[in-house]
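Taking it in order: structure first as structure tokens, then the write-up.
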Amino acid sequence: MNRRQFLQTSLAAAASVTLAAKAADTLSTTPATAPATAPATAPSVPDSPATKIIELGPEKIRASRMAMGTGTYGAGYSSNQLRQLGPDGLAALLVHAYERGITFWDTSDSYGTHAAIKIALKKVPRDKVTILTKTDTLDPAELKQDLVRFQQELGTDYIDMILLHSRTDGNWDTEDKPLMDILSDAKQKKIVRSVGISIHSLEAMQTAAKSKWLEVCMIRLNPAGIRMDDTPENVLKVANQVKAAGKGIINIKVLGEGQLRGNLDEALTYTLTKSPAHAFSLGQESIEEFDDNFARIQKLSKTV
């Protein structure tokens, strides 16, 4: 190689390194809604009730029937998942579930798991997953600030569903009107796609069935009545009224915060066959636990 050839080769190599560095810098600032890499090939979805795509509420928010809950024992602003797995480990669990067809991620400000969602979104195209979060604030001014913070923490410029968390009062639709107005405004601005509440009393559920504002809600339901608002029979009766009113319903407390782990098949069968909910959320603390529950649901679907 003569001197001219050597210089040309060296300059070309240097240019390649510079371009690569600039590209890396660009990727690091690319918004979450515009994935830097080409969208991943759609995961091979097994034939399972867990992966069935459902539509929630009047906005017809599409999601897998099973949601990945990220708030196991979530009180105290730190979920058990987060303590055991850390944000990176929880993100890996979400991606693992996505690769098996679970496209619904259920989080909350109080769980402290927004950061895990943001990490997972670096590996999963934003438009391929449905994200639900919840707010505990009672202060309208704080809610406005929180909406901006949620976008930053989650790594997305829109949120599919936001719920007012843990509503117990039958008059929540009156007491929460200032908060509801803010969420409605956020919906108009396309920051939020659908709104509702997480229900924690039978009275709040009865109001949900009549509310024109509410589009999506979470109900607590399992066959043993653990961590619920009333007996399974009474909850079922009112939940069916909510469904008949056209509201989207997500079943939580499927395993009674883990107390029904000894009766997994019974609890999962109840959710698959008796619950009026369109979707259900399961909190799982490891890939192994997810794989076991996922396999059980597939197996049960062939017998129920």
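Following the order of the structure tokens, first chain is A, next is B, and so on, with residues numbered from 1 inside each chain and ligands from 1 in the order they appear.
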
- prompt: When DSSP works through the backbone of this structure, what residues of segment 64-160 of chain A end up as helix (DSSP H, G or I), shown as a ChimeraX atom specification?
  reply: /A:80-98,109-111,114-120,126-128,140-154

- request: Could you give me, as a list of chain:residue names, the residues within 12 Å of Lys274 of chain A, counting only C-alpha atoms and dropping anything in the same chain fewer than 3 positions from it?
  value: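 Residues meeting the cut-off are A:Leu221, A:Asn222, A:Pro223, A:Pro232, A:Glu233, A:Val235, A:Leu236, A:Lys237, A:Ala239, A:Asn240, A:Asn251, A:Val254, A:Glu266, A:Ala267, A:Leu268, A:Thr269, A:Tyr270, A:Thr271, A:Ala277, A:His278, A:Val304.
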
Those same residues, written as an mmCIF file, in the first residue's frame with N, CA and C atoms?
```cif
data_model
loop_
_atom_site.group_PDB
_atom_site.id
_atom_site.type_symbol
_atom_site.label_atom_id
_atom_site.label_comp_id
_atom_site.auth_asym_id
_atom_site.auth_seq_id
_atom_site.Cartn_x
_atom_site.Cartn_y
_atom_site.Cartn_z
ATOM 1 N N LEU A 221 -61.192 -8.643 42.685
ATOM 2 C CA LEU A 221 -62.072 -9.813 42.630
ATOM 3 C C LEU A 221 -61.262 -11.101 42.580
ATOM 4 N N ASN A 222 -61.605 -12.048 43.457
ATOM 5 C CA ASN A 222 -61.039 -13.397 43.445
ATOM 6 C C ASN A 222 -62.038 -14.321 44.138
ATOM 7 N N PRO A 223 -61.902 -15.627 43.992
ATOM 8 C CA PRO A 223 -62.924 -16.546 44.527
ATOM 9 C C PRO A 223 -62.988 -16.624 46.035
ATOM 10 N N PRO A 232 -67.513 -12.061 46.901
ATOM 11 C CA PRO A 232 -67.413 -12.212 45.447
ATOM 12 C C PRO A 232 -68.762 -12.069 44.743
ATOM 13 N N GLU A 233 -69.825 -12.583 45.361
ATOM 14 C CA GLU A 233 -71.153 -12.520 44.752
ATOM 15 C C GLU A 233 -71.623 -11.070 44.585
ATOM 16 N N VAL A 235 -69.703 -8.320 44.600
ATOM 17 C CA VAL A 235 -68.817 -7.606 43.673
ATOM 18 C C VAL A 235 -69.162 -7.963 42.229
ATOM 19 N N LEU A 236 -69.427 -9.240 41.989
ATOM 20 C CA LEU A 236 -69.796 -9.681 40.642
ATOM 21 C C LEU A 236 -71.057 -8.962 40.157
ATOM 22 N N LYS A 237 -72.028 -8.830 41.027
ATOM 23 C CA LYS A 237 -73.295 -8.199 40.653
ATOM 24 C C LYS A 237 -73.074 -6.761 40.181
ATOM 25 N N ALA A 239 -70.123 -5.340 39.386
ATOM 26 C CA ALA A 239 -69.165 -5.307 38.276
ATOM 27 C C ALA A 239 -69.866 -5.552 36.943
ATOM 28 N N ASN A 240 -70.850 -6.406 36.937
ATOM 29 C CA ASN A 240 -71.609 -6.648 35.709
ATOM 30 C C ASN A 240 -72.389 -5.407 35.284
ATOM 31 N N ASN A 251 -59.368 -6.659 36.166
ATOM 32 C CA ASN A 251 -59.458 -7.424 37.417
ATOM 33 C C ASN A 251 -58.101 -7.434 38.116
ATOM 34 N N VAL A 254 -56.213 -10.825 41.768
ATOM 35 C CA VAL A 254 -56.562 -12.153 41.248
ATOM 36 C C VAL A 254 -56.094 -13.245 42.204
ATOM 37 N N GLU A 266 -57.305 -22.749 40.834
ATOM 38 C CA GLU A 266 -58.665 -22.333 41.159
ATOM 39 C C GLU A 266 -58.844 -20.835 40.938
ATOM 40 N N ALA A 267 -57.880 -20.043 41.408
ATOM 41 C CA ALA A 267 -57.980 -18.588 41.282
ATOM 42 C C ALA A 267 -57.925 -18.149 39.821
ATOM 43 N N LEU A 268 -57.012 -18.745 39.052
ATOM 44 C CA LEU A 268 -56.890 -18.378 37.644
ATOM 45 C C LEU A 268 -58.112 -18.819 36.847
ATOM 46 N N THR A 269 -58.636 -20.003 37.150
ATOM 47 C CA THR A 269 -59.841 -20.477 36.466
ATOM 48 C C THR A 269 -61.011 -19.547 36.739
ATOM 49 N N TYR A 270 -61.144 -19.088 37.972
ATOM 50 C CA TYR A 270 -62.207 -18.151 38.332
ATOM 51 C C TYR A 270 -62.099 -16.871 37.513
ATOM 52 N N THR A 271 -60.888 -16.353 37.402
ATOM 53 C CA THR A 271 -60.664 -15.119 36.641
ATOM 54 C C THR A 271 -60.978 -15.313 35.167
ATOM 55 N N ALA A 277 -64.532 -8.990 33.998
ATOM 56 C CA ALA A 277 -63.500 -8.054 33.534
ATOM 57 C C ALA A 277 -63.002 -8.411 32.135
ATOM 58 N N HIS A 278 -62.645 -7.375 31.384
ATOM 59 C CA HIS A 278 -62.089 -7.570 30.057
ATOM 60 C C HIS A 278 -60.635 -8.036 30.131
ATOM 61 N N VAL A 304 -61.319 -25.409 30.505
ATOM 62 C CA VAL A 304 -62.476 -24.657 31.011
ATOM 63 C C VAL A 304 -63.410 -24.278 29.859
#
```

message: Please report the interatomic distance between atom CA of Glu142 of chain A and atom CA of Met161 of chain A in Å with one decimal.
response: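 Atom CA of Met161 of chain A lies 18.2 Å from atom CA of Glu142 of chain A.
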
- request: For segment 180-182 of chain A, please output as a ChimeraX atom specification all residues within 8 Å (counting only C-alpha atoms; exclusion window: fewer than 3 positions along the same chain).
  value: /A:140,143-144,176-177,185-186,213

Env of Phe150 of chain A: 9 Å cut, atoms = only C-alpha atoms, seq-sep filter 6 positions within chain, self excluded. Answer as a short mmCIF file (atom, residue, chain, number, x, y, z; two decimals) with C-alpha atoms, in the first residue's frame.
```cif
data_model
loop_
_atom_site.label_atom_id
_atom_site.label_comp_id
_atom_site.auth_asym_id
_atom_site.auth_seq_id
_atom_site.Cartn_x
_atom_site.Cartn_y
_atom_site.Cartn_z
CA ASP A 109 -46.72 6.45 40.91
CA HIS A 114 -41.99 4.03 36.40
CA THR A 133 -50.48 4.23 35.59
CA THR A 156 -43.15 8.48 26.75
CA ILE A 159 -49.94 7.51 28.53
#
```

message: Using only C-alpha atoms, can you tell me which of A:Lys247, A:Lys122, A:Arg62, A:His165 comes closest to Ser211 of chain A?
response: A:Lys247

- prompt: With only C-alpha atoms as the basis for distance, which of A:Thr51, A:Ser108, A:Ser166, A:Gln84 is at the shortest distance from Thr70 of chain A?
  reply: A:Ser108

message: Here is a test: counting only C-alpha atoms, which residue of A:Gly225, A:Gly57, A:Gly71, A:Gly246 is nearest to Glu285 of chain A?
response: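 Among the listed residues, the smallest separation from Glu285 of chain A belongs to A:Gly71.
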
task: Identify, on the basis of only C-alpha atoms, every residue whose closest approach to Ile61 of chain A does not exceed 12 Å; exclude the query and any residue fewer than 6 positions from it along the same chain; express the result as a PyMOL selection string.
output: chain A and resi 53-55+103-104+127+129-132+159-161+192-195+215-216+247-249+278-279

field: 9 Å contact set for Thr207 of chain A, only C-alpha atoms, chain neighbours under 3 positions out, as a list in words
entry: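 My list of contacting residues is Gly170, Asn171, Trp172, Asp173, Leu202, Glu203, Ala204, Lys210, Ser211 and Val242 of chain A.
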
Take the residues from that selection and write them out as an mmCIF file, in the first residue's frame, keeping C-alpha atoms.
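Saved result, selection.cif, follows:
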```
data_model
loop_
_atom_site.group_PDB
_atom_site.id
_atom_site.type_symbol
_atom_site.label_atom_id
_atom_site.label_comp_id
_atom_site.auth_asym_id
_atom_site.auth_seq_id
_atom_site.Cartn_x
_atom_site.Cartn_y
_atom_site.Cartn_z
ATOM 1 C CA GLY A 170 -69.305 6.660 46.867
ATOM 2 C CA ASN A 171 -69.188 10.394 46.108
ATOM 3 C CA TRP A 172 -65.790 10.274 44.386
ATOM 4 C CA ASP A 173 -67.309 11.638 41.172
ATOM 5 C CA LEU A 202 -68.528 -1.373 46.557
ATOM 6 C CA GLU A 203 -69.981 2.150 46.840
ATOM 7 C CA ALA A 204 -67.272 3.544 44.544
ATOM 8 C CA LYS A 210 -73.273 5.591 36.514
ATOM 9 C CA SER A 211 -70.366 7.944 35.805
ATOM 10 C CA VAL A 242 -70.241 -1.490 35.272
#
```

message: So, with only C-alpha atoms as the atoms that count, which of A:Ala116, A:Ile191, A:Ile250, A:Leu179 lies closest to Leu147 of chain A?
response: A:Ile191

task: State, in Å with one decimal place, the distance from atom CA of Asn293 of chain A to atom CA of Ile199 of chain A.
output: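 Going from atom CA of Asn293 of chain A over to atom CA of Ile199 of chain A, I get 24.9 Å.
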
query: Hey, what's within 6 Å of Cys217 of chain A if we count only C-alpha atoms and toss same-chain stuff fewer than 6 positions away? As a PyMOL selection string, please?
result: chain A and resi 196-198+249

Dump of C-alpha atoms for the selected residues, as a CSV table (one decimal), in the first residue's frame:
```csv
chain,number,residue,atom,x,y,z
A,196,GLY,CA,-60.9,6.2,35.2
A,197,ILE,CA,-60.4,5.0,38.8
A,198,SER,CA,-59.0,2.1,40.7
A,249,ILE,CA,-62.7,-3.4,33.5
```

Among the residues A:Lys118, A:Thr273, A:Asp106, A:Leu264, the one that comes closest to Ala295 of chain A [using only C-alpha atoms]: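 With only C-alpha atoms as the atom set, the closest residue is A:Leu264.
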
- request: Kindly indicate which residue among A:Leu272, A:Val124, A:Ala141, A:Ile287 lies nearest to Ser301 of chain A, using only C-alpha atoms for the distances.
  value: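 Looking at the shortest contact to Ser301 of chain A, the residue is A:Leu272.
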